[in-house]
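Heads up, the thing below is written out as structure tokens.
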Amino acid sequence: MKYSCKLTTLSVTQQLAVAIAKVIRPNLVLSLNGTLGAGKTTLVREILHALNIVGNIKSPTFTLVEPYTVANCNIYHFDLYRFSEPEEWFDLGFDEYFSGEFIAFIEWAEKATGLIPQLDWRIDIEFNEFNERLLTIRSLTVMGEECLTALIKNVEN
Ligand SMILES: Nc1ncnc2c1ncn2[C@@H]1O[C@H](COP(=O)(O)OP(=O)(O)O)[C@@H](O)[C@H]1O
Ligand SMILES: [Mg+2]
């Protein structure tokens with residue numbers, strides 16, 4: 001299943017983030033792909049705000065992961081851009097984050113292809129020939145499909 005839209009302004013990204021925050025649930029793993037500046041961190045930041053995480057939400061560019069907690073659910077925001085090899089995923093103990101109640105957002109997941117546990121959503125943001133941001137969400141698991149179905153229902157209403 002697939003959902004696409006144009007992120008024409010920051011407020012469109014914000015509205016989508018609010019809709020996504022309503023449908024995601026524990027143990028969902030979302031990857032975000034797209035060139036530098038596409039708007040991956042911005043989308044995650046707005047989802048975290050919509051989940052009532054207050055304060056400054058930093059990009060994990062340098063720390064590689066930023067952890068949050070909402071109602072006993074751990075939320076991890078990864079950015080693997082600085083990985084020089086996929087094995088860093090294990091070296092940094094990132095596989096150990098995937099237990100209990102958690103939700104994971106992973107920018108540049110392709111830097112650790114094959115090592116990340118099940119990806120439920122693949123989110124791509126790319127620029128078209130008019131320099132507009134095109135977003136596509138693809139579900140890759142049954143749970144991912146359930147959440148994406150709910151999202152599509154929400155945004156169409
Ligand atoms: N939908 C949007 N409309 C306009 N500007 C945006 C949008 N999404 C992100 N931006 C801007 O693009 C820049 C890069 O965004 P960022 O989320 O850091 O990209 P990435 O994490 O993909 O490298 C930021 O200045 C951000 O404000
Ligand atoms: Mg980023």
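Ligands are numbered from 1 in the order shown, residues from 1 within each chain, and chains are lettered A, B, ... in the order they appear in the structure tokens.
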Set the cut-off to 9 Å, count only C-alpha atoms and all ligand atoms, and list whatever residues fall near ligand 2 as a ChimeraX atom specification. /A:35-42,44,59-61,79,81,107-108
Neighbouring residues of range 85-101 of chain A were defined as those with any atom within 6 Å, considering only C-alpha atoms; residues of the same chain fewer than 5 positions away were excluded. Please report them as a PyMOL selection string. chain A and resi 26+73+111-112
Which value, in Å to one decimal, gives the distance between CA of Ile53 in chain A and CA of Ala104 in chain A?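 Taking CA of Ile53 in chain A as the start and CA of Ala104 in chain A as the end point, the length is 14.8 Å.
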Sel. of strand (DSSP E or B) residues, range 45-145 of chain A, as a ChimeraX atom specification: /A:65-70,73-79,102-107,121-127,133-139
Selected residues written out with C-alpha atoms, as a compact mmCIF listing (two decimals), in the first residue's frame:
```
# COMPACT_ATOMS: atom_id res chain seq x y z
CA VAL A 65 20.15 8.80 18.10
CA GLU A 66 17.91 10.98 20.28
CA PRO A 67 15.62 9.16 22.76
CA TYR A 68 12.24 10.34 24.06
CA THR A 69 9.48 8.78 26.17
CA VAL A 70 5.72 9.12 25.81
CA CYS A 73 6.77 4.08 25.18
CA ASN A 74 10.35 4.77 24.14
CA ILE A 75 10.67 6.80 20.98
CA TYR A 76 13.98 6.77 19.15
CA HIS A 77 14.98 9.15 16.39
CA PHE A 78 18.02 7.78 14.55
CA ASP A 79 20.10 9.45 11.85
CA PHE A 102 9.21 1.54 21.31
CA ILE A 103 8.68 3.47 18.12
CA ALA A 104 11.68 4.10 15.87
CA PHE A 105 12.23 6.78 13.21
CA ILE A 106 15.36 6.09 11.16
CA GLU A 107 16.83 8.65 8.76
CA TRP A 121 6.96 2.10 6.74
CA ARG A 122 9.33 3.44 4.18
CA ILE A 123 8.90 7.22 3.82
CA ASP A 124 10.56 8.88 0.81
CA ILE A 125 10.77 12.63 0.33
CA GLU A 126 12.15 13.75 -3.01
CA PHE A 127 12.24 16.94 -5.04
CA ARG A 133 8.78 18.07 -2.09
CA LEU A 134 7.01 14.81 -2.94
CA LEU A 135 6.34 12.47 -0.07
CA THR A 136 5.53 8.78 -0.45
CA ILE A 137 4.80 6.37 2.39
CA ARG A 138 4.92 2.65 1.63
CA SER A 139 3.81 -0.01 4.11
```
As JSON, numbers by chain, which residues of range 21-139 of chain A does DSSP assign to alpha helix (DSSP H)? {"A": [21, 22, 23, 40, 41, 42, 43, 44, 45, 46, 47, 48, 49, 50, 88, 89, 90, 91]}
Point out the residue among A:Lys6, A:Lys153, A:His49, A:Lys22 with the least atom-to-atom distance to ligand 1, counting only C-alpha atoms and all ligand atoms.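 Going through A:Lys6, A:Lys153, A:His49, A:Lys22 one by one, the smallest distance to ligand 1 is for A:Lys6.
For the choices A:Leu51, A:Ile57, A:Lys2, A:Ile20, the atom-to-atom distance to ligand 1 is smallest for A:Ile57 when using only C-alpha atoms and all ligand atoms.
Among the candidate residues A:Val23, A:Leu32, A:Leu151, A:Ala109, the one lying nearest to ligand 1 is A:Leu32, with distances computed using only C-alpha atoms and all ligand atoms.
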Smallest atom-to-atom distance to ligand 1: which of A:Glu146, A:Glu156, A:Glu132, A:Glu110, using only C-alpha atoms and all ligand atoms? A:Glu132
Have a look at A:Val18, A:Cys147, A:Leu48, A:Leu7 and name the one nearest to ligand 1; count only C-alpha atoms and all ligand atoms. A:Leu7
Figure out the distance between CA of Ile24 in chain A and atom 5 (N, counted along the ligand's line) of ligand 1, please, to one decimal in Å. 23.6 Å
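For the atom pair formed by CA of Thr8 in chain A and CA of Met143 in chain A, the distance is 28.6 Å, given to one decimal.
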Using only C-alpha atoms, which of the listed residues (A:Ala19, A:Val12, A:Ile47, A:Leu28) sits closest to Gln118 in chain A?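 Closest to Gln118 in chain A, using only C-alpha atoms: A:Leu28.
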